[in-house]
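Everything below concerns the one structure shown next.
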Amino acid sequence: MMAASLQAAAATLMQPAKLGVRTNYFQLRPPSSLGPLHNSKALGLQQYPAASKGVTCSLQSDLKEFAHKSLDATKLAALALATSALVVSGANAEGAPKRLTFDEIQSKTYLEVKGTGTANQCPTIDGGVDSFALKPGKYYGKKICLEPTKFTVKAEGVSKMAAPEFQDTKLMTRLTYSLDEIEGPFEVLPDGSVKFVEKDGIDYAAVTVQLPGGERVPFLFTIKQLVASGKPNEGFGGDFLVPSYRGSSFLDPKGRGGSTGYDNAVALPAGGRGDEEELAKENLKNTASSKGTITFKVTKSKPETGEVIGVFESLQPSDTDLGAKVPKDVKIQGIWYAQLEQ
């Protein structure tokens with residue numbers, strides 16, 4: 001009876017199991033033939049060696065395949081996570097960052113500002129009044145910032161016979177076109193008018209824009225040696241100096257320069273064709289400066305801190321390629337910020 005019960009229990013527990021491709025088979029032996037064998041033979045069970053090897057190989061191959069699939073799934077998940085992070089960061093980079101006050105900008109670290117576009121923005125004012133409210137007196141303008149928001153160039157239209165007009169452009173320069181840290185004496189007269197003289201600062205920036213037809217127009221955005229005067233709430237402005245986009249030591253592709261290089265194009269003898277009128281402007285480099293004009297208007301001020309913000313519009317010539325091209329009129333519109341200290 002005991003042997004029959006053991007055989008029935010073993011037969012119930014050891015039904016053929018489906019493991020991948022192969023099946024594990026067991027044989028029942030009478031209890032009388034049991035001896036001091038392996039523990040798995042205590043109930044009269046013995047596994048054929050060939051079947052054991054087959055099951056072991058099948059399990060190993062299945063485990064390897066599962067491990068490879070798990071690794072691939074892990075890589076895909078990591079790639080999806082990285083792609084999502086790039087998409088999010090790209091979306092944040094494309095949008096304009098929130099405009100901050102001067103104190104908020106100063107409280108940020110380099111890494112917090114890096115790559116956000118904040119360094120190219122002028123500060124804003126928290127509070128204040130919607131007009132110029134500083135008392136008459138002599139001030140010194142500091143931290144003056146000019147941030148362009150729109151560039152237009154006067155050029156002929158794409159269609160034929162179109163009159164020259166200011167056309168919208170596409171900015172080709174990175175976010176490095178703002179002027180900053182400009183300073184100079186700022187005087188508020190008793191009649192409410194102001195006078196400002198630019199003395200120092202990061203007062204020029206090389207900018208390139210592209211017209212709808214594909215032509216690119218480089219120019220030097222600047223307010224060098226500006227002398228501005230007028231009513232701050234109505235608009236005050238003046239003329240400024242526009243230096244040559246390139247210096248006299250710049251050499252063109254044929255090695256010609258203003259203060260160095262060849263006098264004429266290579267292989268053109270002096271006094272011959274090189275001095276003809278149509279080529280003279282290419283040979284004789286002109287690094288003379290030109291003039292521009294700008295108008296400022298105050299939109300908000302904060303008398304307790306001396307901060308002022310507003311809008312500006314500047315009109316200046318573009319690059320002449322050292323005298324070889326006729327300059328185009330460039331109109332620059334944007335916002336400005338200043339701190340006035342007595």
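Every chain in the structure tokens has a letter given in the order shown (A, B, ...), and although residue numbers restart at 1 in each chain, ligands are simply numbered from 1 in the order shown.
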
What lies within 10 Å of range 147-164 of chain A using only C-alpha atoms, ignoring chain neighbours under 5 positions off, as a ChimeraX atom specification? /A:120-123,169-171,176-180,207-213,217,221,311-318,328-337

Within 6 Å of range 297-304 of chain A, counting only C-alpha atoms, which residues qualify if same-chain residues fewer than 3 places away don't, as a VMD selection string? chain A and resid 128 to 132 134 232 to 233 235 307 to 311

Near-range 237-251 of chain A list (6 Å; only C-alpha atoms; drop same-chain fewer than 2 positions) as a PDB file with C-alpha atoms, in the first residue's frame:
```
ATOM      1  CA  LEU A 220      27.903  96.856 -37.329  1.00  0.00           C
ATOM      2  CA  ILE A 223      25.952 103.783 -30.919  1.00  0.00           C
ATOM      3  CA  LYS A 224      29.586 104.896 -30.660  1.00  0.00           C
ATOM      4  CA  GLN A 225      30.100 108.546 -29.675  1.00  0.00           C
ATOM      5  CA  LEU A 226      26.364 109.121 -29.394  1.00  0.00           C
ATOM      6  CA  VAL A 227      25.186 112.559 -28.283  1.00  0.00           C
ATOM      7  CA  ALA A 228      21.422 112.455 -27.647  1.00  0.00           C
ATOM      8  CA  SER A 229      19.022 115.106 -26.382  1.00  0.00           C
ATOM      9  CA  GLY A 255      45.313  89.797 -50.824  1.00  0.00           C
ATOM     10  CA  ARG A 256      44.341  93.471 -51.026  1.00  0.00           C
ATOM     11  CA  GLY A 257      43.938  95.566 -47.880  1.00  0.00           C
ATOM     12  CA  GLY A 258      43.733  99.110 -46.637  1.00  0.00           C
ATOM     13  CA  SER A 259      47.037  99.322 -44.771  1.00  0.00           C
ATOM     14  CA  THR A 260      48.686  96.078 -45.898  1.00  0.00           C
ATOM     15  CA  THR A 287      37.757 102.218 -44.086  1.00  0.00           C
ATOM     16  CA  SER A 289      33.356 105.712 -40.805  1.00  0.00           C
ATOM     17  CA  SER A 290      29.781 106.781 -41.497  1.00  0.00           C
ATOM     18  CA  LYS A 291      26.927 108.252 -39.492  1.00  0.00           C
ATOM     19  CA  GLY A 292      23.772 106.846 -37.981  1.00  0.00           C
ATOM     20  CA  THR A 293      20.871 108.243 -35.992  1.00  0.00           C
ATOM     21  CA  ILE A 294      18.844 106.856 -33.111  1.00  0.00           C
ATOM     22  CA  THR A 295      15.772 107.883 -31.113  1.00  0.00           C
ATOM     23  CA  PHE A 296      14.950 106.728 -27.574  1.00  0.00           C
ATOM     24  CA  ASP A 319      28.719  97.235 -44.544  1.00  0.00           C
TER      25      ASP A 319
END
```

Which residues are close to Lys254 in chain A, i.e. within 9 Å by only C-alpha atoms, leaving aside same-chain residues fewer than 3 positions away? Reply as a list in words.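 Final neighbour list, sorted by chain and number: Leu251, Gly261, Tyr262, Asn264, Ala265 and Val266 of chain A.
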
Store the residues picked out above in a file with all heavy atoms, as an mmCIF file, in the first residue's frame.
```
data_model
loop_
_atom_site.group_PDB
_atom_site.id
_atom_site.type_symbol
_atom_site.label_atom_id
_atom_site.label_comp_id
_atom_site.auth_asym_id
_atom_site.auth_seq_id
_atom_site.Cartn_x
_atom_site.Cartn_y
_atom_site.Cartn_z
ATOM 1 N N LEU A 251 42.404 91.589 -45.300
ATOM 2 C CA LEU A 251 42.787 91.262 -46.665
ATOM 3 C C LEU A 251 41.644 90.542 -47.368
ATOM 4 O O LEU A 251 41.058 89.610 -46.807
ATOM 5 C CB LEU A 251 44.034 90.375 -46.681
ATOM 6 C CG LEU A 251 45.320 90.986 -46.091
ATOM 7 C CD1 LEU A 251 46.458 89.976 -46.172
ATOM 8 C CD2 LEU A 251 45.681 92.275 -46.786
ATOM 9 N N GLY A 261 49.001 94.409 -47.597
ATOM 10 C CA GLY A 261 48.602 93.592 -48.741
ATOM 11 C C GLY A 261 48.965 94.242 -50.062
ATOM 12 O O GLY A 261 49.695 95.240 -50.130
ATOM 13 N N TYR A 262 48.428 93.697 -51.147
ATOM 14 C CA TYR A 262 48.706 94.197 -52.493
ATOM 15 C C TYR A 262 47.933 95.489 -52.777
ATOM 16 O O TYR A 262 46.848 95.710 -52.243
ATOM 17 C CB TYR A 262 48.322 93.145 -53.544
ATOM 18 C CG TYR A 262 49.143 91.878 -53.478
ATOM 19 C CD1 TYR A 262 48.615 90.711 -52.921
ATOM 20 C CD2 TYR A 262 50.440 91.839 -53.982
ATOM 21 C CE1 TYR A 262 49.363 89.554 -52.864
ATOM 22 C CE2 TYR A 262 51.196 90.682 -53.928
ATOM 23 C CZ TYR A 262 50.656 89.544 -53.364
ATOM 24 O OH TYR A 262 51.393 88.392 -53.297
ATOM 25 N N ASN A 264 47.041 96.190 -55.983
ATOM 26 C CA ASN A 264 46.128 95.769 -57.045
ATOM 27 C C ASN A 264 45.929 94.266 -56.948
ATOM 28 O O ASN A 264 46.626 93.576 -56.210
ATOM 29 C CB ASN A 264 46.693 96.117 -58.431
ATOM 30 C CG ASN A 264 46.858 97.610 -58.629
ATOM 31 O OD1 ASN A 264 47.679 98.243 -57.981
ATOM 32 N ND2 ASN A 264 46.061 98.166 -59.514
ATOM 33 N N ALA A 265 44.974 93.783 -57.727
ATOM 34 C CA ALA A 265 44.777 92.351 -57.786
ATOM 35 C C ALA A 265 46.005 91.691 -58.394
ATOM 36 O O ALA A 265 46.696 92.262 -59.229
ATOM 37 C CB ALA A 265 43.543 92.022 -58.623
ATOM 38 N N VAL A 266 46.304 90.480 -57.978
ATOM 39 C CA VAL A 266 47.473 89.763 -58.477
ATOM 40 C C VAL A 266 47.385 89.621 -59.992
ATOM 41 O O VAL A 266 46.319 89.340 -60.544
ATOM 42 C CB VAL A 266 47.573 88.388 -57.796
ATOM 43 C CG1 VAL A 266 48.764 87.605 -58.331
ATOM 44 C CG2 VAL A 266 47.690 88.565 -56.289
#
```

At a cut-off of 7 Å, using only C-alpha atoms, what residues contact range 98-105 of chain A? Leave out same-chain residues fewer than 5 positions from it and give the result as an NGL selection string. :A and (123-126)

Determine which residues of range 231-338 of chain A receive a DSSP assignment of strand (DSSP E or B), computed from the backbone, and state them as number ranges by chain. A: 231, 235-242, 256, 261-262, 290-302, 307-317, 329-338

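Scanning range 95-325 of chain A with DSSP on the backbone, the helix (DSSP H, G or I) assignments fall on Phe102, Asp103, Glu104, Ile105, Gln106, Tyr110, Leu111, Glu112, Val113, Thr118, Ala119, Asn120, Arg273, Gly274, Asp275, Glu277, Glu278, Leu279, Ala280, Lys281, Glu282 and Asn283 of chain A.
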
Tell me, in Å to one decimal, how far CA of Asp321 in chain A is from CA of Gly201 in chain A.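 One can read the CA of Asp321 in chain A to CA of Gly201 in chain A distance as 25.6 Å.
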
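With CA of Gly127 in chain A on one side and CA of Gly141 in chain A on the other, the separation reads 20.1 Å.
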